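**Student:** mmCIF, C-alpha atoms, file data-v6.cif:
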```
data_input
loop_
_atom_site.label_atom_id
_atom_site.label_comp_id
_atom_site.auth_asym_id
_atom_site.auth_seq_id
_atom_site.Cartn_x
_atom_site.Cartn_y
_atom_site.Cartn_z
CA MET Z 706 40.93 160.26 104.32
CA SER Z 707 40.86 158.69 100.96
CA ALA Z 708 42.24 155.30 100.20
CA ARG Z 709 44.88 156.80 98.01
CA THR Z 710 46.08 159.09 100.65
CA LEU Z 711 46.24 156.18 103.19
CA ALA Z 712 48.28 154.07 100.84
CA VAL Z 713 50.75 156.86 100.27
CA ALA Z 714 51.09 157.34 104.03
CA ILE Z 715 51.75 153.62 104.56
CA VAL Z 716 54.41 153.59 101.86
CA ILE Z 717 56.09 156.63 103.35
CA GLY Z 718 56.01 155.02 106.83
CA VAL Z 719 57.57 151.82 105.60
CA PHE Z 720 60.27 153.78 103.80
CA VAL Z 721 61.08 155.83 106.94
CA ALA Z 722 61.21 152.66 109.05
CA GLY Z 723 63.69 151.06 106.61
CA ILE Z 724 65.91 154.07 106.69
CA ALA Z 725 65.93 154.05 110.51
CA TYR Z 726 66.77 150.33 110.61
CA LEU Z 727 69.79 150.82 108.38
CA LEU Z 728 71.10 153.93 110.11
CA LEU Z 729 70.68 152.80 113.71
CA PRO Z 730 72.28 149.25 114.07
CA ARG Z 731 73.13 149.74 117.72
CA TYR Z 732 69.49 149.58 118.54
CA ARG Z 733 69.18 146.12 117.03
CA THR Z 734 68.78 143.30 119.51
CA THR Z 735 69.72 139.67 118.81
CA VAL Z 736 67.59 137.19 120.59
CA SER Z 737 69.23 133.78 121.26
CA PHE Z 738 67.25 130.73 121.90
CA VAL Z 739 68.85 128.18 124.32
CA THR Z 740 67.56 124.68 124.13
CA THR Z 741 67.83 122.84 127.45
CA THR Z 742 67.94 119.05 127.32
CA PRO Z 743 66.13 117.56 130.29
CA PRO Z 744 67.90 114.85 132.30
CA PRO Z 745 67.03 111.27 131.38
CA ALA Z 746 64.09 109.92 133.21
CA ALA Z 747 64.83 107.44 135.97
CA PRO Z 748 63.69 103.85 135.39
CA ARG Z 749 60.41 102.94 136.87
CA GLY Z 750 60.56 102.07 140.55
CA GLU Z 751 63.97 103.82 141.19
CA PRO Z 752 64.33 107.32 142.59
CA ALA Z 753 66.02 109.90 140.48
CA PRO Z 754 69.68 110.44 141.39
CA GLY Z 755 70.29 113.51 143.49
CA PRO Z 756 73.31 115.81 143.44
CA ALA Z 757 76.68 114.19 144.26
CA ALA Z 758 77.65 114.54 147.91
CA PRO Z 759 80.92 116.45 148.62
CA GLU Z 760 83.96 114.34 149.46
CA THR Z 761 84.84 114.23 153.14
CA PRO Z 762 88.30 113.37 154.60
CA SER Z 763 88.60 109.78 155.75
CA ALA Z 764 88.38 109.26 159.49
CA PRO Z 765 91.66 108.43 161.34
CA ARG Z 766 92.37 104.80 162.12
CA ALA Z 767 91.17 103.76 165.52
CA GLY Z 768 93.86 103.98 168.22
CA VAL Z 769 96.41 105.79 166.00
CA PRO Z 770 96.76 109.56 166.55
CA ARG Z 771 96.90 111.63 163.40
CA ALA Z 772 100.35 113.02 164.33
CA ALA Z 773 101.74 109.49 164.66
CA ARG Z 774 100.79 108.52 161.11
CA LYS Z 775 104.18 109.29 159.54
CA PRO Z 776 105.90 107.50 156.72
CA ALA Z 777 108.19 104.71 157.91
CA ALA Z 778 111.72 105.96 158.51
CA ALA Z 779 114.46 104.50 156.37
CA ALA Z 780 116.90 102.15 158.12
CA PRO Z 781 120.01 104.03 159.31
CA GLU Z 782 123.13 103.52 157.29
CA VAL Z 783 125.77 101.45 159.06
CA PRO Z 784 129.12 103.28 158.92
CA VAL Z 785 131.96 101.32 157.40
CA VAL Z 786 134.84 101.05 159.86
CA VAL Z 787 138.21 101.08 158.15
CA GLU Z 788 140.93 99.52 160.27
CA PRO Z 789 144.16 101.57 160.25
CA ALA Z 790 147.04 99.89 158.54
CA ALA Z 791 149.60 98.31 160.85
CA PRO Z 792 152.78 100.43 161.15
CA GLU Z 793 155.74 99.22 159.14
CA LEU Z 794 158.40 101.37 160.82
CA GLY Z 795 159.38 101.95 164.43
CA THR Z 796 159.21 105.09 166.55
CA LEU Z 797 161.61 105.49 169.49
CA ARG Z 798 160.86 108.00 172.26
CA ILE Z 799 164.15 108.38 174.14
CA ALA Z 800 164.50 110.06 177.53
CA THR Z 801 167.40 110.29 179.99
CA ASP Z 802 167.83 111.07 183.69
CA VAL Z 803 170.35 113.76 182.69
CA PRO Z 804 168.88 116.72 180.74
CA GLY Z 805 170.34 117.51 177.34
CA ALA Z 806 172.05 114.19 176.67
CA SER Z 807 173.04 113.65 173.01
CA VAL Z 808 171.40 110.71 171.26
CA PHE Z 809 172.86 108.80 168.29
CA ILE Z 810 171.37 105.88 166.37
CA ASP Z 811 173.77 104.01 164.10
CA ARG Z 812 176.24 106.90 164.54
CA GLN Z 813 173.71 109.44 163.27
CA PHE Z 814 172.85 112.32 165.59
CA ILE Z 815 169.13 112.34 166.42
CA GLY Z 816 168.96 115.21 168.91
CA THR Z 817 169.12 115.96 172.62
CA ALA Z 818 166.94 114.04 175.05
CA PRO Z 819 164.05 113.89 175.34
CA VAL Z 820 163.86 113.18 171.62
CA THR Z 821 161.75 111.08 169.24
CA ALA Z 822 163.30 109.09 166.42
CA GLU Z 823 160.71 108.36 163.74
CA LYS Z 824 160.65 105.98 160.77
CA VAL Z 825 163.29 103.64 162.18
CA LYS Z 826 163.53 100.42 160.19
CA PRO Z 827 162.80 97.24 162.17
CA GLY Z 828 165.88 95.28 163.17
CA THR Z 829 168.95 95.70 165.35
CA HIS Z 830 170.42 99.18 165.76
CA GLN Z 831 173.24 100.71 167.78
CA LEU Z 832 172.19 103.34 170.32
CA ASN Z 833 174.76 105.70 171.83
CA VAL Z 834 173.95 108.37 174.41
CA THR Z 835 176.44 110.82 175.87
CA ALA Z 836 176.20 113.41 178.64
CA GLU Z 837 178.79 115.74 180.09
CA GLY Z 838 180.36 114.41 183.28
CA PHE Z 839 179.20 110.81 182.67
CA ASP Z 840 180.50 107.85 180.77
CA GLY Z 841 178.81 107.31 177.43
CA ILE Z 842 176.25 104.54 177.20
CA ALA Z 843 176.17 102.19 174.22
CA ARG Z 844 173.43 99.64 173.65
CA SER Z 845 172.28 97.32 170.92
CA ILE Z 846 168.50 97.68 170.59
CA ASP Z 847 165.95 95.66 168.63
CA VAL Z 848 163.38 97.86 166.89
CA GLU Z 849 159.92 96.57 165.96
CA PRO Z 850 157.12 98.33 164.05
CA GLY Z 851 155.23 100.78 166.24
CA PRO Z 852 156.16 103.09 169.14
CA ARG Z 853 158.60 102.24 171.95
CA ASP Z 854 159.77 104.21 175.00
CA LEU Z 855 163.39 104.06 176.16
CA THR Z 856 164.84 105.65 179.29
CA ILE Z 857 168.61 105.86 179.59
CA ARG Z 858 169.82 106.30 183.16
CA PHE Z 859 173.31 107.77 183.53
CA LYS Z 860 172.99 107.82 187.31
CA GLU Z 861 172.24 104.12 187.43
CA VAL Z 862 175.40 102.03 187.74
CA ARG Z 863 175.77 98.89 185.67
CA LEU Z 864 178.58 96.36 185.77
CA ASN Z 865 178.92 92.82 184.54
CA ALA Z 866 182.59 91.91 184.27
CA SER Z 867 184.40 88.62 184.61
CA LEU Z 868 188.01 87.54 184.40
CA ALA Z 869 189.80 84.19 184.46
CA VAL Z 870 192.51 84.31 187.12
CA VAL Z 871 195.03 82.27 189.04
CA HIS Z 872 195.12 82.72 192.79
CA LYS Z 873 198.67 82.42 194.09
CA HIS Z 874 198.95 80.73 197.48
CA ARG Z 875 202.02 80.70 199.63
CA ILE Z 876 202.41 77.18 198.47
CA GLY Z 877 200.81 76.41 195.11
CA SER Z 878 197.84 78.10 193.46
CA CYS Z 879 194.26 77.57 192.27
CA THR Z 880 192.36 78.76 189.22
CA GLY Z 881 188.96 80.35 189.06
CA GLN Z 882 186.86 83.27 187.87
CA LEU Z 883 186.49 86.77 189.27
CA VAL Z 884 182.97 88.14 188.67
CA ALA Z 885 182.02 91.76 189.42
CA THR Z 886 178.57 93.43 189.51
CA PRO Z 887 177.35 96.61 191.26
CA GLN Z 888 176.25 94.35 194.11
CA GLY Z 889 179.73 92.94 194.78
CA LEU Z 890 182.79 90.93 193.82
CA ARG Z 891 183.00 87.14 194.04
CA TYR Z 892 185.63 84.55 193.37
CA GLU Z 893 184.36 81.29 191.87
CA THR Z 894 186.70 78.34 192.25
CA SER Z 895 186.71 74.65 193.02
CA ASP Z 896 188.77 75.37 196.18
CA LYS Z 897 186.03 75.94 198.72
CA ASP Z 898 188.48 77.55 201.17
CA ASP Z 899 189.30 80.33 198.71
CA ARG Z 900 185.75 81.16 197.53
CA PHE Z 901 184.37 84.48 198.63
CA GLU Z 902 181.65 87.02 197.79
CA VAL Z 903 181.79 90.53 199.21
CA PRO Z 904 180.05 93.90 198.56
CA LEU Z 905 182.22 96.38 196.67
CA LYS Z 906 182.13 98.78 199.59
CA ASP Z 907 183.81 96.11 201.75
CA LEU Z 908 186.90 95.89 199.57
CA GLU Z 909 189.67 97.38 201.65
CA THR Z 910 192.28 97.03 198.90
CA PHE Z 911 191.63 96.65 195.19
CA ALA Z 912 194.78 97.58 193.29
CA ILE Z 913 196.91 96.38 190.41
CA ASP Z 914 200.66 96.12 190.18
CA TYR Z 915 201.10 96.32 186.43
CA GLN Z 916 204.81 95.53 186.48
CA ASP Z 917 204.31 92.48 188.68
CA LYS Z 918 201.16 91.52 186.74
CA ASN Z 919 199.30 91.11 190.00
CA LEU Z 920 195.85 92.18 191.19
CA LYS Z 921 195.72 92.57 194.94
CA VAL Z 922 192.36 92.19 196.70
CA LYS Z 923 191.99 92.68 200.45
CA VAL Z 924 188.61 92.08 202.08
CA ARG Z 925 187.90 94.33 205.04
CA LYS Z 926 188.46 92.26 208.15
CA GLY Z 927 189.26 89.30 205.92
CA LYS Z 928 191.88 87.63 203.74
CA GLN Z 929 194.18 89.09 201.11
CA TYR Z 930 194.26 87.60 197.60
CA ASN Z 931 196.82 87.91 194.80
CA PHE Z 932 195.47 87.21 191.35
CA THR Z 933 197.35 86.88 188.06
CA ASP Z 934 196.28 86.25 184.49
CA PRO Z 935 196.65 82.63 183.32
CA ASP Z 936 198.54 83.88 180.24
CA GLY Z 937 200.49 86.53 182.10
CA ASN Z 938 198.48 89.30 180.38
CA ALA Z 939 198.61 92.38 182.60
CA ASP Z 940 196.27 94.35 180.31
CA ARG Z 941 193.27 92.14 181.13
CA LEU Z 942 193.96 92.57 184.84
CA PHE Z 943 194.23 96.34 184.37
CA VAL Z 944 190.91 96.69 182.45
CA PHE Z 945 189.05 94.58 185.01
CA GLN Z 946 190.44 96.55 187.94
CA ARG Z 947 189.71 99.91 186.23
CA ASP Z 948 186.06 99.07 185.47
CA VAL Z 949 185.34 97.75 188.94
CA ASP Z 950 187.07 100.63 190.69
CA LYS Z 951 185.09 103.18 188.66
CA VAL Z 952 181.83 101.61 189.81
CA ARG Z 953 183.05 101.62 193.41
CA GLN Z 954 183.66 105.36 193.18
CA ARG Z 955 180.25 106.09 191.67
CA LEU Z 956 178.46 104.09 194.34
CA ALA Z 957 180.43 105.98 196.96
CA LYS Z 958 179.12 109.26 195.45
CA GLY Z 959 175.51 108.12 195.76
CA ASP Z 960 174.65 106.72 192.32
CA THR Z 961 172.22 103.81 192.30
CA ALA Z 962 173.16 100.23 191.45
CA ALA Z 963 171.09 98.77 188.60
CA ASN Z 964 169.29 95.51 189.30
CA ASP Z 965 169.69 94.03 185.82
#
```
As a first step, turn the structure in this file into structure tokens.

**Tutor:**
Amino acid sequence: MSARTLAVAIVIGVFVAGIAYLLLPRYRTTVSFVTTTPPPAAPRGEPAPGPAAPETPSAPRAGVPRAARKPAAAAPEVPVVVEPAAPELGTLRIATDVPGASVFIDRQFIGTAPVTAEKVKPGTHQLNVTAEGFDGIARSIDVEPGPRDLTIRFKEVRLNASLAVVHKHRIGSCTGQLVATPQGLRYETSDKDDRFEVPLKDLETFAIDYQDKNLKVKVRKGKQYNFTDPDGNADRLFVFQRDVDKVRQRLAKGDTAAND
């Protein structure tokens, strides 16, 4: 082959190679060069540092189990105790020994026993209790702040009556005091021969002559006495005799004498 022909062939080859390079970019390969920097050299006489050791969990404290290592508990809160305010009004719980008794305080109807009266102002109040077939009971009661229980006993007999009298003798007279309780009747006087004290059940005669203004008292198996009012007032004799005789009848029916 001649030199001319070889030159033409080389030119044609270069031209074909350029065309292929332009038309086929996907076949081009980029070569990257990575430069690696070596670690610094260790000083003379010291070993080169090795890879860092992985962290390991710290060992538990000696003598303390792992489960016991808990955060310290907060101190418990102390509850604040609020003292209740002292009551300013009174509460009365009223019962009776007779069912259905009517209860009044200061003339105001409260209800039938047993009943509770609330918000009663402290101080003195009038209590009235009534029951069918019994005498009404009236009491003055002192109310204080707070609750109080009261029991009214209709079947319990009370009596505390006294009367200034003149005892008429066959010759002359003496003055003194008749005193009556459920336990008995007594005559208090300076004349020791006329003094007496006797249970109510032992009164054989206990009657009043209103016209004659005379109260006749006869002790069973004993003396007879004639009493008059120092002022000649027959009404006082009548009231005293009525109250005492009523108690005598109740005791005879089986009611109980009060000890107060």

**Student:** For Ala822 (chain Z), please output as a ChimeraX atom specification all residues within 7 Å (counting all atoms listed in the file; exclusion window: fewer than 5 positions along the same chain).

**Tutor:** /Z:796-798,815

**Student:** For region 923-925 of chain Z, please output as a PDB file with C-alpha atoms, keeping the file's coordinate frame all residues within 9 Å (counting all atoms listed in the file; exclusion window: fewer than 3 positions along the same chain).

**Tutor:**
```
ATOM      1  CA  VAL Z 903     181.790  90.530 199.210  1.00  0.00           C
ATOM      2  CA  ASP Z 907     183.810  96.110 201.750  1.00  0.00           C
ATOM      3  CA  LEU Z 908     186.900  95.890 199.570  1.00  0.00           C
ATOM      4  CA  GLU Z 909     189.670  97.380 201.650  1.00  0.00           C
ATOM      5  CA  THR Z 910     192.280  97.030 198.900  1.00  0.00           C
ATOM      6  CA  PHE Z 911     191.630  96.650 195.190  1.00  0.00           C
ATOM      7  CA  LYS Z 928     191.880  87.630 203.740  1.00  0.00           C
ATOM      8  CA  GLN Z 929     194.180  89.090 201.110  1.00  0.00           C
ATOM      9  CA  TYR Z 930     194.260  87.600 197.600  1.00  0.00           C
ATOM     10  CA  ASN Z 931     196.820  87.910 194.800  1.00  0.00           C
TER      11      ASN Z 931
END
```

**Student:** For this structure, which residues satisfy the selection - the PyMOL selection byres ((chain Z and resi 955) around 12) - when it is evaluated on the file as given? I want them as a list in words.

**Tutor:**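 For this structure, the PyMOL selection byres ((chain Z and resi 955) around 12) resolves to Gly838, Phe839, Asp840, Phe859, Lys860, Glu861, Val862, Arg863, Leu864, Pro887, Leu905, Lys906, Asp948, Val949, Asp950, Lys951, Val952, Arg953, Gln954, Leu956, Ala957, Lys958, Gly959, Asp960, Thr961 and Ala962 of chain Z.
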
**Student:** Just how far from CA of Thr880 (chain Z) is CA of Asn919 (chain Z), in Å to one decimal?

**Tutor:** 14.2 Å

**Student:** In Å, how far is it from CA of Leu942 (chain Z) to CA of Ile876 (chain Z)?

**Tutor:**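 The value is 22.2 Å.
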
**Student:** So what does the PyMOL selection byres ((chain Z and resi 883) around 9) actually pick up in this one, as a PyMOL selection string?

**Tutor:** chain Z and resi 866-870+881-882+884-885+890-894

**Student:** List the residues selected by the PyMOL selection byres ((chain Z and resi 850) around 8) in the file shown, writing them as a ChimeraX atom specification.

**Tutor:** /Z:792-796,826-827,848-849,851-852

**Student:** For CA of Gly841 (chain Z) and CA of Asn964 (chain Z), determine how far apart the two atoms are, in Å to one decimal place.

**Tutor:**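 Distance between the two atoms: 19.3 Å.
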
**Student:** Between Z:Ile857, Z:Val786, Z:Leu920, Z:Ala843, which one has atoms that come closest to Val820 (chain Z), using all atoms listed in the file?

**Tutor:**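 Smallest distance to Val820 (chain Z) is found for Z:Ile857.
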
**Student:** Gly937 (chain Z): which residues within 9 Å, counting only C-alpha atoms, same-chain residues fewer than 3 positions away excluded, as a PDB file with C-alpha atoms, keeping the file's coordinate frame?

**Tutor:**
```pdb
ATOM      1  CA  LYS Z 918     201.160  91.520 186.740  1.00  0.00           C
ATOM      2  CA  THR Z 933     197.350  86.880 188.060  1.00  0.00           C
ATOM      3  CA  ASP Z 934     196.280  86.250 184.490  1.00  0.00           C
TER       4      ASP Z 934
END
```

**Student:** Just want the 8 Å neighbourhood of Ile810 (chain Z), counted on all atoms listed in the file, with same-chain residues fewer than 6 positions away dropped. Output as a ChimeraX atom specification.

**Tutor:** /Z:830-833

**Student:** Contacts of Pro804 (chain Z) at 9 Å or less, counting all atoms listed in the file, minus same-chain residues fewer than 3 places along, as an mmCIF file with C-alpha atoms, keeping the file's coordinate frame?

**Tutor:**
```
data_model
loop_
_atom_site.group_PDB
_atom_site.id
_atom_site.type_symbol
_atom_site.label_atom_id
_atom_site.label_comp_id
_atom_site.auth_asym_id
_atom_site.auth_seq_id
_atom_site.Cartn_x
_atom_site.Cartn_y
_atom_site.Cartn_z
ATOM 1 C CA ALA Z 800 164.500 110.060 177.530
ATOM 2 C CA THR Z 801 167.400 110.290 179.990
ATOM 3 C CA THR Z 817 169.120 115.960 172.620
ATOM 4 C CA ALA Z 818 166.940 114.040 175.050
ATOM 5 C CA PRO Z 819 164.050 113.890 175.340
ATOM 6 C CA ALA Z 836 176.200 113.410 178.640
#
```

**Student:** Between Z:Ala779, Z:Arg844, Z:Phe932, Z:Lys824, which one has atoms that come closest to His874 (chain Z), using only C-alpha atoms?

**Tutor:**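 Of the candidates, the smallest distance to His874 (chain Z) is held by Z:Phe932.
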
**Student:** Of the candidates Z:Gly718, Z:Ala780, Z:Asp847, Z:Tyr915, which one gets nearest to Arg941 (chain Z) if we count all atoms listed in the file?

**Tutor:**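 With all atoms listed in the file as the atom set, the closest residue is Z:Tyr915.
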